[in-house]
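Here is my_file.cif, consisting of mmCIF, C-alpha atoms and all ligand atoms:
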```cif
data_protein
loop_
_atom_site.label_atom_id
_atom_site.label_comp_id
_atom_site.auth_asym_id
_atom_site.auth_seq_id
_atom_site.Cartn_x
_atom_site.Cartn_y
_atom_site.Cartn_z
CA MET K 1 -39.11 4.46 19.62
CA GLN K 2 -35.83 2.65 19.39
CA ASN K 3 -34.09 1.69 16.22
CA ARG K 4 -31.15 -0.61 16.02
CA LEU K 5 -31.18 -2.07 12.57
CA ARG K 6 -27.45 -1.64 12.19
CA ALA K 7 -26.75 -4.16 14.89
CA TRP K 8 -23.19 -5.05 15.57
CA THR K 9 -22.76 -8.38 13.92
CA GLY K 10 -20.21 -10.55 12.34
CA LEU K 11 -17.27 -10.56 14.73
CA LEU K 12 -14.71 -12.62 12.96
CA LEU K 13 -12.39 -15.34 13.99
CA CYS K 14 -9.28 -13.54 12.86
CA LEU K 15 -6.49 -16.04 12.84
CA THR K 16 -4.18 -13.68 14.67
CA ALA K 17 -5.79 -15.24 17.73
CA GLY K 18 -2.85 -17.59 17.59
CA CYS K 19 -0.50 -14.71 18.27
CA ALA K 20 -2.27 -13.21 21.23
CA GLY K 21 -2.67 -14.83 24.59
CA PRO K 22 -4.24 -13.51 27.76
CA THR K 23 -1.90 -11.97 30.26
CA GLY K 24 -2.06 -9.05 32.62
CA ASP K 25 -2.53 -7.98 36.19
CA ARG K 26 -5.95 -8.23 37.69
CA THR K 27 -5.57 -5.00 39.53
CA PRO K 28 -8.83 -3.15 40.14
CA SER K 29 -9.56 -0.02 38.25
CA GLU K 30 -8.03 3.00 39.90
CA ARG K 31 -10.36 5.34 38.15
CA ALA K 32 -12.75 7.39 40.20
CA ILE K 33 -14.96 9.32 37.84
CA THR K 34 -18.03 11.29 38.74
CA LEU K 35 -21.28 9.52 38.07
CA LEU K 36 -23.60 11.31 35.72
CA PRO K 37 -27.33 10.74 35.57
CA PRO K 38 -28.22 7.85 33.27
CA PRO K 39 -30.90 8.16 30.63
CA ALA K 40 -34.36 6.85 31.22
CA PRO K 41 -34.33 3.06 31.29
CA ALA K 42 -34.77 1.37 27.94
CA THR K 43 -36.28 -1.99 27.29
CA PRO K 44 -33.67 -4.74 27.57
CA GLU K 45 -33.49 -5.46 23.88
CA THR K 46 -32.56 -1.85 23.14
CA VAL K 47 -29.41 -2.01 25.28
CA PRO K 48 -27.11 -4.35 23.40
CA THR K 49 -23.95 -3.57 25.35
CA PRO K 50 -23.27 -4.31 29.00
CA MET K 51 -23.60 -1.49 31.47
CA PRO K 52 -20.28 -0.29 32.91
CA ALA K 53 -19.09 -0.69 36.45
CA ALA K 54 -20.55 1.78 38.93
CA ASN K 55 -17.34 3.76 39.34
CA LEU K 56 -17.02 4.56 35.65
CA PRO K 57 -18.64 7.41 33.75
CA THR K 58 -22.00 6.54 32.32
CA TRP K 59 -24.35 7.79 29.64
CA GLN K 60 -24.42 11.46 28.70
CA SER K 61 -26.76 13.47 26.53
CA LEU K 62 -24.80 14.35 23.41
CA SER K 63 -26.53 17.73 23.09
CA GLN K 64 -25.73 18.63 26.72
CA TRP K 65 -22.16 17.40 26.33
CA THR K 66 -21.54 19.50 23.21
CA ALA K 67 -23.24 22.54 24.76
CA ALA K 68 -20.89 22.34 27.74
CA ARG K 69 -17.99 22.62 25.29
CA GLY K 70 -19.48 25.43 23.29
CA TRP K 71 -19.78 23.19 20.25
CA GLU K 72 -22.53 23.22 17.70
CA ALA K 73 -25.45 21.02 18.71
CA PRO K 74 -25.65 17.58 17.08
CA ARG K 75 -28.25 17.42 14.33
CA PRO K 76 -30.42 14.49 13.37
CA SER K 77 -29.66 13.66 9.76
CA ALA K 78 -31.92 10.66 9.27
CA THR K 79 -34.59 8.74 11.08
CA VAL K 80 -34.91 5.86 8.62
CA PRO K 81 -33.64 3.15 8.66
CA VAL K 82 -32.04 4.24 11.95
CA VAL K 83 -31.88 7.44 13.92
CA THR K 84 -28.67 9.12 12.75
CA TYR K 85 -27.00 12.16 14.23
CA ARG K 86 -24.29 14.31 12.72
CA LEU K 87 -21.92 16.18 14.99
CA VAL K 88 -19.61 18.85 13.57
CA THR K 89 -16.61 19.56 15.78
CA GLY K 90 -14.57 22.23 14.05
CA PRO K 91 -13.05 20.68 10.91
CA HIS K 92 -14.26 17.20 11.82
CA GLN K 93 -17.58 15.47 11.44
CA TRP K 94 -18.95 12.50 13.37
CA GLU K 95 -21.89 10.34 12.39
CA PHE K 96 -23.62 8.26 15.06
CA HIS K 97 -26.32 5.63 14.63
CA ALA K 98 -28.70 4.87 17.47
CA GLY K 99 -28.36 1.26 18.57
CA SER K 100 -25.11 0.60 16.70
CA PRO K 101 -21.51 0.97 17.90
CA VAL K 102 -20.43 1.65 14.31
CA ALA K 103 -19.72 5.38 14.03
CA TYR K 104 -17.92 7.43 11.39
CA TRP K 105 -15.32 10.15 11.91
CA ASN K 106 -14.68 12.09 8.70
CA GLY K 107 -16.03 9.04 6.91
CA ILE K 108 -13.69 6.58 8.67
CA GLN K 109 -15.33 3.73 10.56
CA ILE K 110 -14.78 3.80 14.32
CA ARG K 111 -16.16 1.03 16.55
CA LEU K 112 -17.47 2.63 19.74
CA GLY K 113 -17.42 0.71 22.99
CA PHE K 114 -21.15 1.22 23.54
CA ALA K 115 -23.97 1.64 21.04
CA PRO K 116 -25.43 5.18 21.31
CA GLN K 117 -28.98 5.23 22.67
CA TRP K 118 -31.81 7.41 21.39
CA LEU K 119 -34.11 8.41 24.19
CA GLU K 120 -36.61 11.23 24.60
CA GLY K 121 -35.52 12.91 21.38
CA ASP K 122 -31.85 13.03 22.24
CA LEU K 123 -28.87 10.83 21.48
CA TRP K 124 -26.96 9.49 24.50
CA LEU K 125 -23.34 8.43 24.27
CA HIS K 126 -21.38 6.57 26.87
CA GLY K 127 -18.89 8.68 28.83
CA LEU K 128 -16.04 6.33 28.00
CA ASP K 129 -16.69 6.79 24.29
CA LEU K 130 -16.74 10.55 24.74
CA ALA K 131 -13.47 10.46 26.71
CA LYS K 132 -11.62 7.78 24.76
CA HIS K 133 -12.93 8.21 21.22
CA ILE K 134 -14.45 11.65 20.68
CA GLU K 135 -12.14 13.89 22.75
CA PRO K 136 -8.78 12.47 21.55
CA LEU K 137 -9.63 13.15 17.90
CA GLN K 138 -10.13 16.83 18.76
CA GLN K 139 -6.56 17.05 19.99
CA PRO K 140 -3.09 16.98 18.38
CA LEU K 141 -1.30 13.64 18.21
CA ARG K 142 0.19 12.95 21.65
CA LEU K 143 3.38 11.18 20.62
CA SER K 144 6.46 11.81 22.71
CA LEU K 145 9.41 11.22 20.38
CA GLN K 146 13.09 11.01 21.19
CA GLN K 147 15.69 12.29 18.75
CA PRO K 148 15.94 10.32 16.58
CA PRO K 149 12.46 8.84 17.08
CA ARG K 150 12.45 5.12 17.89
CA ILE K 151 9.99 2.58 16.59
CA VAL K 152 9.66 -1.18 16.95
CA LEU K 153 8.03 -2.98 14.02
CA ASP K 154 6.62 -6.40 14.82
CA PRO K 155 6.08 -8.70 11.84
CA GLY K 156 3.35 -11.01 13.15
CA HIS K 157 3.97 -14.74 13.54
CA GLY K 158 7.12 -16.54 12.32
CA GLY K 159 8.65 -20.02 12.32
CA SER K 160 6.13 -22.70 13.26
CA ASN K 161 3.62 -19.94 14.08
CA THR K 162 2.58 -19.42 10.47
CA GLY K 163 -0.51 -17.28 10.88
CA THR K 164 -3.22 -17.61 8.29
CA ARG K 165 -2.75 -18.82 4.70
CA SER K 166 -3.45 -17.02 1.44
CA VAL K 167 -6.30 -18.61 -0.48
CA VAL K 168 -4.66 -17.35 -3.68
CA THR K 169 -0.96 -18.23 -3.35
CA GLY K 170 -0.83 -20.66 -0.43
CA GLN K 171 1.79 -18.45 1.20
CA TRP K 172 1.63 -17.82 4.92
CA GLU K 173 0.82 -14.65 6.80
CA LYS K 174 4.27 -14.79 8.48
CA GLU K 175 5.95 -14.31 5.07
CA TYR K 176 3.84 -11.31 4.10
CA THR K 177 4.14 -9.60 7.49
CA LEU K 178 7.95 -9.83 7.35
CA ASP K 179 8.00 -8.42 3.82
CA TRP K 180 5.74 -5.52 4.91
CA ALA K 181 7.96 -4.80 7.91
CA LEU K 182 11.18 -4.83 5.87
CA ARG K 183 9.71 -2.44 3.30
CA LEU K 184 8.44 -0.16 6.06
CA SER K 185 11.76 -0.32 7.90
CA SER K 186 13.59 0.97 4.80
CA LEU K 187 11.17 3.86 4.38
CA LEU K 188 11.30 4.90 8.04
CA THR K 189 15.08 4.57 8.27
CA ALA K 190 15.40 6.89 5.28
CA ARG K 191 13.19 9.39 7.13
CA GLY K 192 15.39 9.38 10.20
CA TRP K 193 13.61 6.87 12.44
CA ALA K 194 15.64 4.38 14.48
CA VAL K 195 13.90 1.11 13.59
CA THR K 196 14.05 -2.17 15.50
CA LEU K 197 12.38 -5.32 14.17
CA THR K 198 11.14 -7.99 16.58
CA ARG K 199 12.26 -10.49 13.95
CA SER K 200 14.09 -10.17 10.63
CA ASN K 201 13.84 -13.80 9.56
CA ASP K 202 11.53 -16.80 9.86
CA VAL K 203 11.63 -17.41 13.60
CA ASP K 204 8.89 -17.68 16.21
CA ILE K 205 9.32 -15.00 18.87
CA PRO K 206 7.15 -15.34 22.00
CA LEU K 207 4.67 -12.52 22.41
CA THR K 208 6.07 -11.35 25.72
CA ALA K 209 9.55 -11.26 24.14
CA ARG K 210 8.17 -8.92 21.48
CA VAL K 211 7.14 -6.54 24.26
CA ALA K 212 10.56 -6.94 25.92
CA ILE K 213 12.25 -6.02 22.63
CA ALA K 214 10.29 -2.77 22.58
CA ASP K 215 11.35 -2.07 26.19
CA ALA K 216 15.01 -2.81 25.41
CA ALA K 217 14.86 -0.49 22.40
CA ASP K 218 13.17 2.18 24.54
CA ALA K 219 10.74 2.53 21.66
CA ASP K 220 8.50 5.57 21.29
CA VAL K 221 6.00 3.65 19.16
CA PHE K 222 5.15 -0.05 18.64
CA LEU K 223 3.42 -1.37 15.53
CA SER K 224 2.43 -5.01 15.05
CA LEU K 225 1.80 -6.00 11.42
CA HIS K 226 -0.65 -8.75 10.48
CA PHE K 227 -2.98 -9.98 7.80
CA ASN K 228 -6.40 -11.27 8.65
CA GLY K 229 -8.30 -14.49 8.20
CA ALA K 230 -11.92 -15.47 8.57
CA ALA K 231 -13.13 -18.96 9.35
CA GLY K 232 -15.51 -21.12 7.37
CA THR K 233 -17.95 -19.39 5.09
CA ASN K 234 -17.17 -15.89 6.30
CA HIS K 235 -16.03 -13.92 3.25
CA ALA K 236 -15.00 -10.72 5.00
CA GLY K 237 -12.39 -8.49 3.43
CA GLY K 238 -10.80 -5.16 4.23
CA LEU K 239 -8.67 -3.29 6.72
CA GLU K 240 -8.94 -3.49 10.50
CA THR K 241 -6.85 -1.54 12.98
CA TYR K 242 -6.67 -2.40 16.67
CA CYS K 243 -5.60 -0.78 19.88
CA LEU K 244 -6.05 -1.89 23.47
CA THR K 245 -9.51 -1.57 25.02
CA PRO K 246 -9.76 1.17 27.68
CA VAL K 247 -10.58 0.14 31.23
CA GLY K 248 -14.34 -0.16 31.73
CA MET K 249 -15.13 -0.60 28.04
CA PRO K 250 -16.16 -3.90 26.46
CA SER K 251 -13.93 -5.13 23.66
CA GLY K 252 -15.17 -5.21 20.09
CA ILE K 253 -13.49 -8.56 19.65
CA ARG K 254 -12.83 -11.16 22.36
CA ARG K 255 -12.23 -14.46 20.65
CA GLU K 256 -12.15 -17.20 23.23
CA PHE K 257 -10.74 -14.93 25.93
CA GLU K 258 -12.57 -13.57 28.90
CA ASP K 259 -13.06 -9.81 28.49
CA ASP K 260 -12.84 -8.35 31.99
CA PRO K 261 -13.44 -4.58 31.63
CA GLN K 262 -11.80 -3.93 35.01
CA LEU K 263 -8.39 -5.22 33.89
CA VAL K 264 -5.72 -2.53 33.80
CA HIS K 265 -2.75 -3.10 31.50
CA PRO K 266 0.39 -0.93 31.24
CA ASN K 267 -0.62 0.18 27.74
CA ASN K 268 -3.86 1.69 29.10
CA ALA K 269 -1.72 4.65 30.19
CA PHE K 270 -1.45 5.44 26.46
CA ASP K 271 -5.12 4.97 25.49
CA GLU K 272 -5.52 8.35 23.83
CA ALA K 273 -2.25 8.36 21.88
CA SER K 274 -2.72 4.77 20.71
CA PHE K 275 -6.20 5.59 19.42
CA GLN K 276 -5.07 8.81 17.73
CA LEU K 277 -2.27 6.90 16.04
CA ALA K 278 -4.58 4.02 15.09
CA VAL K 279 -6.98 6.41 13.33
CA ARG K 280 -4.12 8.11 11.45
CA LEU K 281 -2.74 4.76 10.34
CA HIS K 282 -6.15 3.41 9.38
CA ARG K 283 -6.97 6.51 7.33
CA ALA K 284 -3.64 6.35 5.49
CA LEU K 285 -4.07 2.64 4.77
CA LEU K 286 -7.57 3.23 3.38
CA GLU K 287 -6.30 6.03 1.15
CA HIS K 288 -3.24 4.15 -0.13
CA THR K 289 -4.80 0.74 -0.69
CA GLY K 290 -8.48 1.23 -1.46
CA LEU K 291 -9.32 -1.82 0.66
CA ALA K 292 -12.70 -1.91 2.39
CA ASP K 293 -13.01 -0.10 5.72
CA ARG K 294 -13.69 -2.52 8.58
CA GLY K 295 -12.96 0.01 11.25
CA VAL K 296 -10.68 1.06 14.07
CA ARG K 297 -11.47 -1.44 16.81
CA ARG K 298 -10.68 -2.36 20.39
CA ALA K 299 -9.33 -5.63 21.75
CA ARG K 300 -8.11 -6.41 25.26
CA PHE K 301 -6.64 -9.89 24.71
CA MET K 302 -3.72 -8.99 22.45
CA THR K 303 -0.58 -9.71 24.46
CA VAL K 304 1.70 -7.71 22.17
CA LEU K 305 -0.33 -4.59 23.00
CA GLN K 306 -1.14 -5.13 26.69
CA GLY K 307 2.33 -4.65 28.16
CA GLN K 308 3.53 -1.84 25.90
CA ARG K 309 4.68 1.26 27.77
CA ARG K 310 4.28 3.38 24.67
CA PRO K 311 1.51 4.00 22.09
CA ALA K 312 0.90 0.66 20.37
CA VAL K 313 -1.27 -0.37 17.41
CA LEU K 314 -1.90 -3.66 15.61
CA LEU K 315 -2.67 -3.47 11.90
CA GLU K 316 -4.52 -6.10 9.84
CA GLY K 317 -3.65 -5.23 6.24
CA GLY K 318 -6.43 -7.15 4.52
CA TYR K 319 -7.82 -10.70 4.59
CA LEU K 320 -5.77 -13.59 3.21
CA THR K 321 -9.01 -15.60 3.17
CA HIS K 322 -10.71 -13.05 0.88
CA PRO K 323 -9.81 -13.81 -2.76
CA GLU K 324 -9.56 -10.19 -3.90
CA ASP K 325 -7.66 -9.04 -0.79
CA ALA K 326 -5.34 -12.06 -1.06
CA ARG K 327 -4.68 -11.41 -4.75
CA ARG K 328 -3.68 -7.85 -3.96
CA ILE K 329 -1.53 -8.81 -0.94
CA ALA K 330 0.39 -11.21 -3.20
CA ASP K 331 1.50 -8.24 -5.32
CA PRO K 332 4.81 -6.70 -4.09
CA ALA K 333 3.67 -3.29 -5.38
CA PHE K 334 0.63 -3.49 -3.12
CA ARG K 335 2.77 -4.39 -0.12
CA GLN K 336 4.95 -1.39 -0.93
CA ARG K 337 1.80 0.75 -0.76
CA LEU K 338 1.00 -0.75 2.63
CA ALA K 339 4.47 0.28 3.81
CA GLU K 340 4.16 3.76 2.31
CA ALA K 341 0.78 4.23 3.97
CA VAL K 342 2.14 3.45 7.42
CA ALA K 343 5.20 5.65 6.90
CA SER K 344 3.02 8.54 5.73
CA ALA K 345 0.92 8.37 8.90
CA LEU K 346 3.91 8.76 11.21
CA PRO K 347 5.30 12.19 12.06
ZN ZN Y 401 -1.76 -12.49 12.58
#
```

Same coordinates, now as structure tokens:
Amino acid sequence: MQNRLRAWTGLLLCLTAGCAGPTGDRTPSERAITLLPPPAPATPETVPTPMPAANLPTWQSLSQWTAARGWEAPRPSATVPVVTYRLVTGPHQWEFHAGSPVAYWNGIQIRLGFAPQWLEGDLWLHGLDLAKHIEPLQQPLRLSLQQPPRIVLDPGHGGSNTGTRSVVTGQWEKEYTLDWALRLSSLLTARGWAVTLTRSNDVDIPLTARVAIADAADADVFLSLHFNGAAGTNHAGGLETYCLTPVGMPSGIRREFEDDPQLVHPNNAFDEASFQLAVRLHRALLEHTGLADRGVRRARFMTVLQGQRRPAVLLEGGYLTHPEDARRIADPAFRQRLAEAVASALP
């Protein structure tokens, strides 16, 4: 019996699409990972995500996977409305829902690449989710920092590239992202970070130039700061945090771009550290702002992330098209909390 009531729906037309164009080498995947036996075939409608390429790891029994690590077995915690499993890994706790890529790590929403499948009384997770989502959160943050540590802050948009518009104040995303970055820059400078901004005034910087600025600064970390927007009658609100999609995994958001899972970008060398950092940042933003949790997500099309040779994360600090989010973003004290949240999540 398959349950997938929590289907993955409602991918939004975030207006940061305007700041992210497709680039990248179409080099084939260099990964050669041992094939593991797949679960028994499910009916087509129970497999909502595409199957991976043949040379990538495939589905694994969660109970067998945890047993091989000497971890406590996952326990079913609910069967209605969906089959739910709880996995305790030391101090951390995961919650998985059969048929839905929406999982929770210590209560924080994480969008898996593949919806877990419930078959023959066991929950099956995709090997890429185990390797790229579950394993990294068991490990210490893998940031390699110079002395002093170097960070590039990227206030999204600028100049004629306005980003989305606040439904409350009529101000543009580009204004709020710059304000957030300047506040954050002050906090991090005071803590000993060497901070470089991709822009410090109202100019439009090409996306590839933003990557080049991070290279020139020899940055240890890259953070792109944005606010979100939803089209039409979509009234979404809350925080979203993005890092680059690992090779072989489908993206949670694609916009109008082709999502070729075989593409390898330079930033894929930092998959684990980017995701660890994204979760830390997302957790801190949730705690400091109280905005709704819309999850740590994966996107492949974001040019400012693709070419980064360092851990890189893109933050969406609320929706300017959501009246309550927009009202809060208009408040300088709230934007200070956004800056404090990010600073608190960095070492
Ligand atoms: Zn944006």

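Residue nearest ligand ZN 401 (chain Y), chosen from K:His265, K:His157, K:Arg199, K:His288 and counting all atoms listed in the file: K:His157.
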
Using all atoms listed in the file, can you tell me which of K:Gln147, K:Asn228, K:Gln276, K:Gln306 comes closest to ligand ZN 401 (chain Y)?
K:Asn228

Find the residues near ligand ZN 401 (chain Y). Use a cut-off of 12 Å, count all atoms listed in the file, and write them as a PyMOL selection string.
chain K and resi 13-20+154-158+161-165+172-178+207+224-230+240+242+302+304+314-320

Would you work out the distance separating CA of Ala236 (chain K) from CA of His322 (chain K), expressed in Å to one decimal?
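So the two atoms, CA of Ala236 (chain K) and CA of His322 (chain K), lie 6.4 Å apart.
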
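For the pair CA of Asp122 (chain K) and CA of Gly90 (chain K), the separation is 21.2 Å.
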
Extract, using only C-alpha atoms, all DNA, RNA and protein residues at most 7 Å from Val195 (chain K), discarding same-chain residues fewer than 3 positions from it, and format them as an MDAnalysis selection string.
chainID K and resid 150:152 185 189

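With CA of Gly113 (chain K) on one side and CA of Gln64 (chain K) on the other, the separation reads 20.1 Å.
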
Adding 3 Å on each side of the box along x, y and z that holds all listed atoms of region 254-268 of chain K, could you give its centre and edge lengths in Å to one decimal, as lines of an AutoDock Vina configuration file?
```
center_x = -6.5
center_y = -7.8
center_z = 27.8
size_x = 19.8
size_y = 24.9
size_z = 20.4
```

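With distances restricted to only C-alpha atoms, K:Leu112 is the closest residue to Ile253 (chain K) from K:Leu112, K:Leu130, K:Ala269, K:Ala312.
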
May I ask which of the residues K:Gly307, K:Leu281, K:Gln138, K:Cys243 is the closest one to Asp215 (chain K), counting all atoms listed in the file?
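Checking each candidate against Asp215 (chain K), we get K:Gly307 as the closest.
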
Compile the contact shell of Ala219 (chain K) as a list in words: residues with an atom at most 10 Å away, counting all atoms listed in the file, same-chain residues fewer than 5 positions apart removed.
Leu145, Gln146, Pro149, Arg150, Ile151, Val152, Leu153, Ala194, Val195, Thr196, Ile213, Ala214, Gln308, Arg309, Arg310 and Pro311 of chain K
